[in-house]
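Here's the structure we're looking at; comments come further down.
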Amino acid sequence: MKMGLVVLVRNLLLTLCLCLVLGFMYYAAWKLHLLRWEDPNSGALTFDSVGRTLGSGRRQRNSVALDFPSLPPSCLAVDSRQPRTQRAMMEAQGPAQPKYDRLGFLLKLDSKLFSRPAPMFLDDSFRKWARIRDFVPPFGIKGQDNLIKAILSATKEYRLTPALDSLSCRRCIIVGNGGVLANKSLGARIDDYDIVVRLNSAPVKGFEKDVGGKTTLRITYPEGAMQRPEEYEKDSLFVLAGFKWQDFKWLKYIVYKEKVSASDGFWKSVATRVPKEPPEIRILNPYFIQEAAFSFIGLPFNHGLMGRGNIPTLGTVAVTMALHSCDQVAVAGFGYDMSSPNAPLHYYESVRMAAIKESWTHNIQREKEFLRKLVKAHVITDLTSGI
């Protein structure tokens with residue numbers, strides 16, 4: 001009788017242990033699916049308590065060693081005006097090539113740039129995204145939970161359009177605002193891309209010959225947004241890049257069509273109305289700001305806080321986003337030629353290059369070095385040759 005009871009208890013304990021193990025495995029699999037882009041081995045640098053890079057084992061000191069993406073079959077030779085595809089360029093170099101180029105980039109093109117790409121926009125699971133929840137803006141969302149939750153409960157859309165999401169080859173171009181775009185007649189070529197990203201208040205109307213007329217995303221922050229509703233394109237998504245907590249508060253006003261207060265800590269006047277319905281509004285994943293600053297450009301970590309010279313420009317943030325989300329990435333209108341003080345600063349106004357002052361927030365030279373590496377390694381294409 002006692003032996004039978006012992007056997008029964010033992011079997012029950014074994015069954016319970018098995019259930020616990022299976023339950024843990026199921027929970028772990030769910031977490032990995034939810035946080036699939038948060039694998040520390042995916043190539044993004046991590047930081048210790050004082051901001052030193054711990055790395056992932058795939059980078060070399062003082063260089064950015066990345067596995068650049070090969071093009072899917074449907075992407076090869078899509079743009080016949082480009083001299084060669086990435087794969088063709090590698091084949092032309094022959095088999096006996098060094099592993100790294102002189103800029104520190106891996107020359108191998110047989111794997112994706114990111115094994116677990118970060119989502120383009122915040123969605124309703126944003127609180128679980130470990131890579132951004134412990135950083136305050138602009139590098140994360142700490143302290144913004146209630147504002148973001150209120151915004152997302154109204155917008156209810158977290159992706160691109162179904163047509164763009166279903167593309168087997170997503171070709172993207174980031175259109176900068178530089179004067180180098182003027183008189184290049186690149187409008188038709190820019191419009192040929194699947195996703196056209198524009199920045200801040202750069203106008204389209206009247207400049208179509210040079211900059212195109214198509215806008216898929218317009219990424220901005222409050223002070224950079226167009227202030228006249230008639231300037232906004234009808235068929236585009238409005239995307240907030242949140243650089244400070246006031247930016248999320250401003251977007252909540254815009255989404256709920258509430259009155260915007262000019263005393264909310266903005267450094268210049270901001271738009272009081274954006275002619276977009278909530279489903280046309282998105283919040284850019286702030287991880288791209290963090291990754292561009294610390295992993296790619298190598299700006300000062302500063303305990304994860306905004307500081308002197310450690311904020312990437314919106315253009316480089318957009319390029320970082322595109323590297324995660326697109327199969328082909330091009331840029332146009334990037335680059336400032338400081339050796340030509342009389343050259344136009346922007347394509348849409350008469351302000352000259354000499355007007356540029358040293359930036360407190362950005363490190364233009366470091367960004368230029370990073371973007372040059374991307375162009376040199378054929379990761380991105382620079383249509384205006386300004387980088």
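Naming works like this for the structure tokens: A, B, ... for the chains as they're shown, residue 1 at the start of each chain, ligands 1 onward in shown order.
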Which residues come within 7 Å of region 379-383 of chain A, counting only C-alpha atoms, excluding same-chain residues fewer than 5 positions away, as a PyMOL selection string? chain A and resi 68+329-332+374
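Using only C-alpha atoms, the nearest neighbour of Asp124 (chain A) within the list A:Ile283, A:Gly187, A:Ser236, A:Gly224 is A:Ile283.
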Near region 243-250 of chain A, within 6 Å and counting only C-alpha atoms, which residues show up once chain neighbours fewer than 3 positions away are dropped, as a PDB file with C-alpha atoms, in the first residue's frame?
ATOM      1  CA  PRO A 137      13.934  60.508 -25.259  1.00  0.00           C
ATOM      2  CA  PRO A 138      15.434  60.760 -27.771  1.00  0.00           C
ATOM      3  CA  TYR A 253      -2.597  67.257 -29.095  1.00  0.00           C
TER       4      TYR A 253
END
Identify, on the basis of only C-alpha atoms, every residue whose closest approach to region 140-153 of chain A does not exceed 8 Å; exclude the query and any residue fewer than 4 positions from it along the same chain; express the result as a VMD selection string. chain A and resid 123 to 124 127 131 to 136 157 245 248 to 249 251 to 252 255 286 to 287 290
Those selected residues, please, written with C-alpha atoms and delivered as a compact mmCIF listing (two decimals), in the first residue's frame.
# COMPACT_ATOMS: atom_id res chain seq x y z
CA ASP A 123 2.97 49.45 -31.70
CA ASP A 124 0.84 48.51 -28.69
CA ARG A 127 6.33 48.68 -23.19
CA ARG A 131 16.09 48.21 -25.99
CA ILE A 132 14.15 51.44 -25.59
CA ARG A 133 12.21 51.24 -22.33
CA ASP A 134 15.23 52.10 -20.14
CA PHE A 135 16.24 55.22 -22.10
CA VAL A 136 14.58 58.64 -21.98
CA GLU A 157 -2.15 51.52 -37.10
CA TRP A 245 9.12 64.40 -23.98
CA PHE A 248 5.02 63.14 -27.59
CA LYS A 249 2.75 65.57 -25.77
CA LEU A 251 1.58 64.60 -31.02
CA LYS A 252 -1.19 63.74 -28.57
CA VAL A 255 -4.05 63.30 -32.81
CA PRO A 286 13.34 55.60 -31.13
CA TYR A 287 15.73 52.66 -31.29
CA GLN A 290 19.86 55.22 -30.33
Taking the DSSP assignment computed from this structure's backbone, write out as a PyMOL selection string all residues of region 197-272 of chain A that belong to strand (DSSP E or B). chain A and resi 197-199+217-220+237-240
Write to file, as a CSV table (one decimal), in the first residue's frame, the residues of the selection just made, with all heavy atoms.
chain,number,residue,atom,x,y,z
A,197,VAL,N,10.9,58.8,-48.6
A,197,VAL,CA,10.9,59.4,-47.3
A,197,VAL,C,11.4,60.8,-47.4
A,197,VAL,O,12.5,61.1,-47.9
A,197,VAL,CB,11.8,58.6,-46.3
A,197,VAL,CG1,11.8,59.2,-44.9
A,197,VAL,CG2,11.4,57.1,-46.2
A,198,ARG,N,10.6,61.7,-46.9
A,198,ARG,CA,11.0,63.1,-46.8
A,198,ARG,C,11.1,63.6,-45.4
A,198,ARG,O,10.5,63.0,-44.5
A,198,ARG,CB,10.0,64.0,-47.6
A,198,ARG,CG,10.0,63.6,-49.1
A,198,ARG,CD,9.2,64.5,-49.9
A,198,ARG,NE,8.9,64.0,-51.3
A,198,ARG,CZ,9.7,64.0,-52.3
A,198,ARG,NH1,10.9,64.7,-52.2
A,198,ARG,NH2,9.4,63.5,-53.5
A,199,LEU,N,11.9,64.7,-45.2
A,199,LEU,CA,12.2,65.1,-43.8
A,199,LEU,C,11.7,66.5,-43.5
A,199,LEU,O,11.8,67.4,-44.3
A,199,LEU,CB,13.7,65.0,-43.6
A,199,LEU,CG,14.4,63.7,-44.0
A,199,LEU,CD1,15.9,63.9,-44.0
A,199,LEU,CD2,13.9,62.6,-43.2
A,217,LEU,N,6.5,58.6,-46.6
A,217,LEU,CA,6.6,59.0,-45.2
A,217,LEU,C,7.2,60.4,-45.1
A,217,LEU,O,8.1,60.7,-45.9
A,217,LEU,CB,7.5,58.0,-44.4
A,217,LEU,CG,7.3,56.5,-44.5
A,217,LEU,CD1,8.4,55.8,-43.8
A,217,LEU,CD2,6.0,56.1,-44.0
A,218,ARG,N,6.7,61.2,-44.2
A,218,ARG,CA,7.3,62.5,-43.9
A,218,ARG,C,7.6,62.4,-42.4
A,218,ARG,O,6.7,62.4,-41.5
A,218,ARG,CB,6.4,63.7,-44.2
A,218,ARG,CG,7.1,65.0,-43.9
A,218,ARG,CD,6.4,66.2,-44.4
A,218,ARG,NE,6.3,66.3,-45.9
A,218,ARG,CZ,7.3,66.9,-46.6
A,218,ARG,NH1,8.4,67.4,-46.0
A,218,ARG,NH2,7.2,67.0,-47.9
A,219,ILE,N,8.9,62.3,-42.1
A,219,ILE,CA,9.4,62.2,-40.7
A,219,ILE,C,9.8,63.5,-40.2
A,219,ILE,O,10.5,64.3,-40.8
A,219,ILE,CB,10.6,61.2,-40.6
A,219,ILE,CG1,10.2,59.8,-41.2
A,219,ILE,CG2,11.0,61.0,-39.2
A,219,ILE,CD1,11.4,58.9,-41.3
A,220,THR,N,9.3,63.9,-39.0
A,220,THR,CA,9.6,65.2,-38.5
A,220,THR,C,9.4,65.2,-37.0
A,220,THR,O,9.0,64.2,-36.3
A,220,THR,CB,8.6,66.2,-39.1
A,220,THR,OG1,9.0,67.6,-38.7
A,220,THR,CG2,7.2,66.0,-38.7
A,237,LEU,N,2.1,59.2,-45.0
A,237,LEU,CA,2.0,59.0,-43.5
A,237,LEU,C,2.8,60.0,-42.8
A,237,LEU,O,3.9,60.4,-43.2
A,237,LEU,CB,2.6,57.6,-43.1
A,237,LEU,CG,1.8,56.4,-43.7
A,237,LEU,CD1,2.5,55.1,-43.3
A,237,LEU,CD2,0.3,56.4,-43.3
A,238,PHE,N,2.3,60.5,-41.7
A,238,PHE,CA,3.0,61.5,-40.9
A,238,PHE,C,3.6,60.8,-39.7
A,238,PHE,O,3.0,60.1,-39.0
A,238,PHE,CB,2.0,62.6,-40.4
A,238,PHE,CG,2.6,63.6,-39.5
A,238,PHE,CD1,3.2,64.8,-40.1
A,238,PHE,CD2,2.6,63.5,-38.1
A,238,PHE,CE1,3.7,65.8,-39.3
A,238,PHE,CE2,3.2,64.5,-37.3
A,238,PHE,CZ,3.7,65.6,-37.9
A,239,VAL,N,5.0,60.9,-39.6
A,239,VAL,CA,5.7,60.1,-38.7
A,239,VAL,C,6.5,61.1,-37.7
A,239,VAL,O,7.3,61.9,-38.1
A,239,VAL,CB,6.7,59.2,-39.4
A,239,VAL,CG1,7.5,58.4,-38.4
A,239,VAL,CG2,6.0,58.3,-40.4
A,240,LEU,N,6.2,60.9,-36.4
A,240,LEU,CA,6.9,61.7,-35.4
A,240,LEU,C,8.2,61.0,-35.0
A,240,LEU,O,8.2,59.8,-34.7
A,240,LEU,CB,6.1,61.8,-34.1
A,240,LEU,CG,6.8,62.5,-33.0
A,240,LEU,CD1,6.9,64.0,-33.2
A,240,LEU,CD2,6.2,62.2,-31.6
